[in-house]
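Listing of coords-v3.csv, CSV, C-alpha atoms
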chain,number,residue,atom,x,y,z
A,248,MET,CA,61.7,93.3,92.2
A,249,PHE,CA,65.3,92.0,92.5
A,250,ARG,CA,66.8,95.4,91.7
A,251,LEU,CA,64.7,97.1,94.2
A,252,VAL,CA,65.7,94.6,97.0
A,253,LEU,CA,69.4,95.0,95.9
A,254,SER,CA,69.1,98.8,95.9
A,255,LEU,CA,67.5,98.8,99.3
A,256,GLY,CA,70.2,96.4,100.6
A,257,LEU,CA,72.9,98.8,99.3
A,258,LEU,CA,71.3,101.7,101.0
A,259,LEU,CA,71.2,99.9,104.3
A,260,ILE,CA,74.9,99.0,104.0
A,261,LEU,CA,75.9,102.5,103.0
A,262,SER,CA,73.7,104.6,105.2
A,263,PRO,CA,75.7,104.2,108.5
A,264,ALA,CA,78.9,105.2,106.9
A,265,ALA,CA,77.3,108.2,105.2
A,266,LEU,CA,76.0,109.3,108.6
A,267,ALA,CA,79.4,108.9,110.2
A,268,GLN,CA,81.3,111.3,107.8
A,269,GLY,CA,81.2,114.3,110.1
A,270,GLU,CA,84.2,116.4,111.1
A,271,SER,CA,84.4,115.1,114.6
A,272,ASN,CA,84.7,111.5,115.8
A,273,ASP,CA,82.4,112.2,118.7
A,274,ASP,CA,79.6,110.9,116.5
A,275,SER,CA,81.6,107.9,115.3
A,276,ALA,CA,80.0,104.5,114.8
A,277,VAL,CA,81.6,101.2,115.7
A,278,THR,CA,81.7,98.7,112.9
A,279,HIS,CA,82.1,94.9,112.8
A,280,SER,CA,85.9,95.4,113.0
A,281,GLY,CA,85.3,96.9,116.4
A,282,LEU,CA,86.9,100.2,115.4
A,283,PRO,CA,85.2,103.5,115.1
A,284,ILE,CA,84.1,105.1,111.7
A,285,PRO,CA,85.4,107.6,110.9
A,286,ARG,CA,89.0,107.3,112.1
A,287,PHE,CA,92.4,108.3,110.9
A,288,VAL,CA,95.1,105.8,109.9
A,289,SER,CA,98.2,105.9,107.8
A,290,LEU,CA,99.5,104.1,104.7
A,291,LYS,CA,102.0,101.2,105.4
A,292,SER,CA,103.7,101.3,102.0
A,293,ASP,CA,105.1,103.5,99.3
A,294,PHE,CA,102.9,101.7,96.8
A,295,VAL,CA,99.2,101.5,97.7
A,296,ASN,CA,96.5,100.8,95.1
A,297,VAL,CA,93.3,102.7,95.5
A,298,ARG,CA,90.3,101.0,93.9
A,299,VAL,CA,86.8,102.1,92.9
A,300,GLY,CA,85.2,99.4,95.0
A,301,PRO,CA,85.9,97.0,97.9
A,302,GLY,CA,87.7,94.1,96.1
A,303,LYS,CA,90.5,93.2,93.7
A,304,ARG,CA,87.9,92.8,90.9
A,305,TYR,CA,87.4,96.5,90.9
A,306,PRO,CA,89.7,98.7,88.8
A,307,ILE,CA,92.5,100.7,90.3
A,308,SER,CA,91.7,104.5,90.4
A,309,TRP,CA,95.2,105.6,91.4
A,310,VAL,CA,98.2,104.6,93.4
A,311,TYR,CA,99.5,106.3,96.5
A,312,ARG,CA,103.3,106.6,96.5
A,313,ARG,CA,103.8,107.9,100.1
A,314,ALA,CA,104.2,105.6,103.1
A,315,HIS,CA,102.8,107.0,106.3
A,316,LEU,CA,100.4,109.4,104.5
A,317,PRO,CA,97.4,110.0,106.8
A,318,VAL,CA,94.0,109.0,105.5
A,319,GLU,CA,90.6,108.9,107.0
A,320,VAL,CA,88.7,105.6,107.0
A,321,ILE,CA,85.0,106.5,106.3
A,322,GLU,CA,83.6,103.1,105.5
A,323,GLU,CA,84.3,99.4,105.9
A,324,PHE,CA,83.3,96.3,103.8
A,325,GLY,CA,84.9,93.0,104.8
A,326,HIS,CA,88.7,93.5,104.6
A,327,TRP,CA,88.4,96.7,102.6
A,328,ARG,CA,88.4,100.3,103.9
A,329,LYS,CA,87.0,103.3,102.0
A,330,VAL,CA,89.4,106.2,102.7
A,331,ARG,CA,89.4,109.9,102.2
A,332,ASP,CA,92.7,111.9,101.8
A,333,HIS,CA,93.6,115.6,102.4
A,334,GLU,CA,92.3,116.5,99.0
A,335,GLN,CA,88.9,114.8,99.7
A,336,ALA,CA,89.6,112.1,97.2
A,337,GLU,CA,88.0,108.8,98.1
A,338,GLY,CA,88.6,105.2,97.2
A,339,TRP,CA,89.0,101.6,98.6
A,340,ILE,CA,92.2,100.1,100.1
A,341,HIS,CA,92.8,96.6,101.5
A,342,LYS,CA,93.1,96.8,105.3
A,343,GLY,CA,96.5,95.1,105.2
A,344,LEU,CA,97.9,98.3,103.6
A,345,LEU,CA,96.8,100.5,106.4
A,346,ASP,CA,98.5,101.1,109.7
A,347,GLY,CA,97.0,102.4,113.0
A,348,GLN,CA,100.0,104.7,113.5
A,349,ARG,CA,98.9,108.3,113.7
A,350,THR,CA,100.6,110.7,111.4
A,351,VAL,CA,99.8,114.2,110.3
A,352,MET,CA,100.6,116.3,107.3
A,353,ILE,CA,101.8,119.9,107.4
A,354,ARG,CA,99.2,122.2,105.7
A,355,TYR,CA,99.5,125.0,103.2
A,356,GLN,CA,102.9,126.6,103.9
A,357,ARG,CA,106.2,126.2,105.8
A,358,ARG,CA,105.4,126.0,109.5
A,359,PRO,CA,107.6,126.6,112.6
A,360,ILE,CA,108.1,123.6,115.0
A,361,TYR,CA,108.7,124.8,118.6
A,362,ILE,CA,110.6,123.3,121.5
A,363,ALA,CA,107.5,123.7,123.7
A,364,PRO,CA,103.8,124.1,123.1
A,365,ASP,CA,104.1,127.9,123.1
A,366,ALA,CA,104.7,130.2,120.1
A,367,SER,CA,107.1,132.3,122.2
A,368,SER,CA,109.4,129.3,122.7
A,369,ALA,CA,112.4,128.6,120.5
A,370,VAL,CA,111.9,127.3,117.0
A,371,VAL,CA,113.7,123.9,116.6
A,372,MET,CA,112.9,123.5,112.9
A,373,GLU,CA,110.6,124.4,110.2
A,374,ALA,CA,108.5,122.0,108.1
A,375,ASP,CA,107.4,122.5,104.5
A,376,PRO,CA,103.9,121.8,103.3
A,377,MET,CA,103.0,118.2,102.7
A,378,VAL,CA,105.7,116.9,105.1
A,379,ILE,CA,104.4,113.9,107.1
A,380,ALA,CA,105.1,113.7,110.8
A,381,GLN,CA,104.3,111.1,113.5
A,382,ALA,CA,101.8,112.5,115.9
A,383,ILE,CA,103.1,111.8,119.4
A,384,GLU,CA,100.7,113.8,121.6
A,385,CYS,CA,98.0,116.4,120.9
A,386,ASP,CA,95.9,118.6,123.1
A,387,THR,CA,93.2,121.0,121.9
A,388,ALA,CA,95.8,123.6,120.6
A,389,TRP,CA,99.1,121.9,120.1
A,390,CYS,CA,100.6,118.6,118.8
A,391,LYS,CA,104.0,117.1,119.7
A,392,ILE,CA,105.3,115.6,116.5
A,393,GLU,CA,108.4,113.8,115.2
A,394,ILE,CA,110.0,114.4,111.9
A,395,LEU,CA,113.2,112.5,111.0
A,396,LYS,CA,113.8,111.6,114.7
A,397,ARG,CA,113.5,115.2,115.8
A,398,GLU,CA,110.6,116.2,118.1
A,399,GLY,CA,108.9,119.5,118.5
A,400,TRP,CA,105.5,121.2,118.9
A,401,ILE,CA,103.2,122.6,116.2
A,402,ARG,CA,99.9,124.3,116.4
A,403,ARG,CA,97.3,121.7,115.6
A,404,ASP,CA,95.5,123.9,113.1
A,405,TYR,CA,98.7,123.7,110.9
A,406,VAL,CA,98.3,120.0,110.3
A,407,TRP,CA,95.8,117.6,108.6
A,408,GLY,CA,95.0,114.2,110.1
A,409,LEU,CA,93.2,115.1,113.3
A,410,TYR,CA,89.5,115.6,114.3
A,411,ASN,CA,88.4,118.8,116.0
A,412,ASN,CA,89.2,118.6,119.7
A,413,GLU,CA,90.7,115.1,119.3
A,414,GLN,CA,93.4,114.4,121.8
A,415,ILE,CA,96.3,112.0,121.5
A,416,GLN,CA,98.2,110.8,124.6
A,417,ASP,CA,101.8,109.7,124.6

Entire entry expressed as structure tokens:
Amino acid sequence: MFRLVLSLGLLLILSPAALAQGESNDDSAVTHSGLPIPRFVSLKSDFVNVRVGPGKRYPISWVYRRAHLPVEVIEEFGHWRKVRDHEQAEGWIHKGLLDGQRTVMIRYQRRPIYIAPDASSAVVMEADPMVIAQAIECDTAWCKIEILKREGWIRRDYVWGLYNNEQIQD
């Protein structure tokens, strides 16, 4: 009987997060933290432990070694956040190691960064895959980003760390 109650309790805790794992944050749920699930955040540090469960008693699965890496928060439990990265890997991180600053990561191949949100405008730089940029402003087709204190525009489908149709205002 105890196991059944415990199992049902776990299902009740996990079900809202499971329902909120869609691609768009239009269907997001608000949690006890007051923040929507799912949502994108970034890592604060160059050394972030990812655990198999929400607490220090759980073993470390791996360590992220990239500050500002965008990750998606898909579940909350107390001070712990379950995150998903660009490779779809999931694990638990303490909320103190996460930052609300929005960053994006360049996808797949080297991409041009333009002076204006128009592919016919001048290219101001190119960004290699896996480069992390601060997201300054995004509309439905373009994002203004900053890399090493240089700003420019990139097609939003060239980056990871945004929901479909999500807009960011400066």

Practice item. Record the distance separating atom CA of Gln414 of chain A and atom CA of Cys390 of chain A, expressed in Å with one decimal. Key: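 So the two atoms, atom CA of Gln414 of chain A and atom CA of Cys390 of chain A, lie 8.9 Å apart.
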
Exercise for review: Using all atoms listed in the file, find the one residue out of A:His279, A:His341, A:Arg358, A:Arg286 that sits nearest to Gly302 of chain A.
Suggested key: A:His341

Revision key, fill the gap. Correct to one decimal, the distance atom CA of Tyr355 of chain A-atom CA of Trp339 of chain A is 26.1 Å

Check your understanding: Skipping near chain neighbours, those fewer than 6 positions away, what residues fall within 9 Å of Gly408 of chain A using all atoms listed in the file, listed as a PyMOL selection string?
Key -> chain A and resi 287-288+317-319+332-333+349-352

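Picture a line from atom CA of Val406 of chain A to atom CA of Gln348 of chain A; it runs 15.7 Å.
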
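Taking all atoms listed in the file into account, those protein, DNA and RNA residues with any atom at most 9 Å away from (104.5, 120.3, 99.0) amount to A:Ile353, A:Arg354, A:Tyr355, A:Gln356, A:Asp375, A:Pro376, A:Met377, A:Val378.
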
Check your understanding: With distances taken over all atoms listed in the file, which of A:Ile321, A:Val330, A:Ala380, A:Ala366 is nearest to Pro283 of chain A?
Key -> A:Ile321

Point to revise | Residue with smallest distance to Val297 of chain A - pool A:Arg331, A:Ile340, A:His315, A:Gln381, counting only C-alpha atoms | key: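 Going through A:Arg331, A:Ile340, A:His315, A:Gln381 one by one, the smallest distance to Val297 of chain A is for A:Ile340.
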
Exercise for review: May I ask which of the residues A:Glu337, A:Glu323, A:Asp346, A:Asp386 is the closest one to Ile401 of chain A, counting only C-alpha atoms?
Suggested key: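 Ranked by minimum distance to Ile401 of chain A, first place goes to A:Asp386.
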
Shell around segment 342-344 of chain A at 7 Å using only C-alpha atoms, local window under 3 positions removed, as a compact mmCIF listing (two decimals) with C-alpha atoms, in the coordinates of the input:
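Full text of out_19.txt as output:
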# COMPACT_ATOMS: atom_id res chain seq x y z
CA LEU A 290 99.50 104.10 104.70
CA LYS A 291 102.00 101.20 105.40
CA SER A 292 103.70 101.30 102.00
CA VAL A 295 99.20 101.50 97.70
CA HIS A 326 88.70 93.50 104.60
CA TRP A 327 88.40 96.70 102.60
CA ARG A 328 88.40 100.30 103.90

Point to revise | Expected answer as a count of residues only: all residues with atoms within 9 Å of (89.0, 104.9, 92.4), all atoms listed in the file | key: 14

Exercise for review: Using only C-alpha atoms, determine which residues lie at most 10 Å from Trp400 of chain A, disregarding the query and same-chain residues fewer than 3 positions distant; provide the list as a list of chain:residue names.
Suggested key: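 Final neighbour list, sorted by chain and number: A:Pro359, A:Ile360, A:Tyr361, A:Ile362, A:Ala363, A:Pro364, A:Asp365, A:Ala366, A:Ser368, A:Val370, A:Val371, A:Met372, A:Ala382, A:Ile383, A:Glu384, A:Cys385, A:Trp389, A:Cys390, A:Lys391, A:Ile392, A:Glu393, A:Arg403.
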
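Among the candidate residues A:Ile415, A:Ala314, A:Val320, A:Leu395, the one lying nearest to Ile284 of chain A is A:Val320, with distances computed using all atoms listed in the file.
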
N, CA and C atoms for segment 282-293 of chain A, written as a PDB file, in the coordinates of the input, could you do that?
ATOM      1  N   LEU A 282      86.268  98.887 115.402  1.00  0.00           N
ATOM      2  CA  LEU A 282      86.900 100.200 115.400  1.00  0.00           C
ATOM      3  C   LEU A 282      85.937 101.257 114.927  1.00  0.00           C
ATOM      4  N   PRO A 283      86.127 102.485 115.398  1.00  0.00           N
ATOM      5  CA  PRO A 283      85.200 103.500 115.100  1.00  0.00           C
ATOM      6  C   PRO A 283      85.286 103.994 113.596  1.00  0.00           C
ATOM      7  N   ILE A 284      84.187 104.460 113.070  1.00  0.00           N
ATOM      8  CA  ILE A 284      84.100 105.100 111.700  1.00  0.00           C
ATOM      9  C   ILE A 284      83.509 106.461 111.991  1.00  0.00           C
ATOM     10  N   PRO A 285      84.092 107.529 111.563  1.00  0.00           N
ATOM     11  CA  PRO A 285      85.400 107.600 110.900  1.00  0.00           C
ATOM     12  C   PRO A 285      86.540 107.566 111.840  1.00  0.00           C
ATOM     13  N   ARG A 286      87.742 107.326 111.287  1.00  0.00           N
ATOM     14  CA  ARG A 286      89.000 107.300 112.100  1.00  0.00           C
ATOM     15  C   ARG A 286      90.148 107.604 111.126  1.00  0.00           C
ATOM     16  N   PHE A 287      91.238 108.106 111.679  1.00  0.00           N
ATOM     17  CA  PHE A 287      92.400 108.300 110.900  1.00  0.00           C
ATOM     18  C   PHE A 287      93.412 107.180 111.059  1.00  0.00           C
ATOM     19  N   VAL A 288      94.052 106.807 109.964  1.00  0.00           N
ATOM     20  CA  VAL A 288      95.100 105.800 109.900  1.00  0.00           C
ATOM     21  C   VAL A 288      96.180 106.332 108.976  1.00  0.00           C
ATOM     22  N   SER A 289      97.208 105.525 108.731  1.00  0.00           N
ATOM     23  CA  SER A 289      98.200 105.900 107.800  1.00  0.00           C
ATOM     24  C   SER A 289      98.530 104.764 106.827  1.00  0.00           C
ATOM     25  N   LEU A 290      99.168 105.073 105.710  1.00  0.00           N
ATOM     26  CA  LEU A 290      99.500 104.100 104.700  1.00  0.00           C
ATOM     27  C   LEU A 290     100.794 103.343 105.167  1.00  0.00           C
ATOM     28  N   LYS A 291     100.830 102.003 105.004  1.00  0.00           N
ATOM     29  CA  LYS A 291     102.000 101.200 105.400  1.00  0.00           C
ATOM     30  C   LYS A 291     103.111 101.259 104.375  1.00  0.00           C
ATOM     31  N   SER A 292     102.789 101.512 103.131  1.00  0.00           N
ATOM     32  CA  SER A 292     103.700 101.300 102.000  1.00  0.00           C
ATOM     33  C   SER A 292     103.857 102.500 101.131  1.00  0.00           C
ATOM     34  N   ASP A 293     104.922 102.503 100.344  1.00  0.00           N
ATOM     35  CA  ASP A 293     105.100 103.500  99.300  1.00  0.00           C
ATOM     36  C   ASP A 293     104.356 103.218  98.033  1.00  0.00           C
TER      37      ASP A 293
END
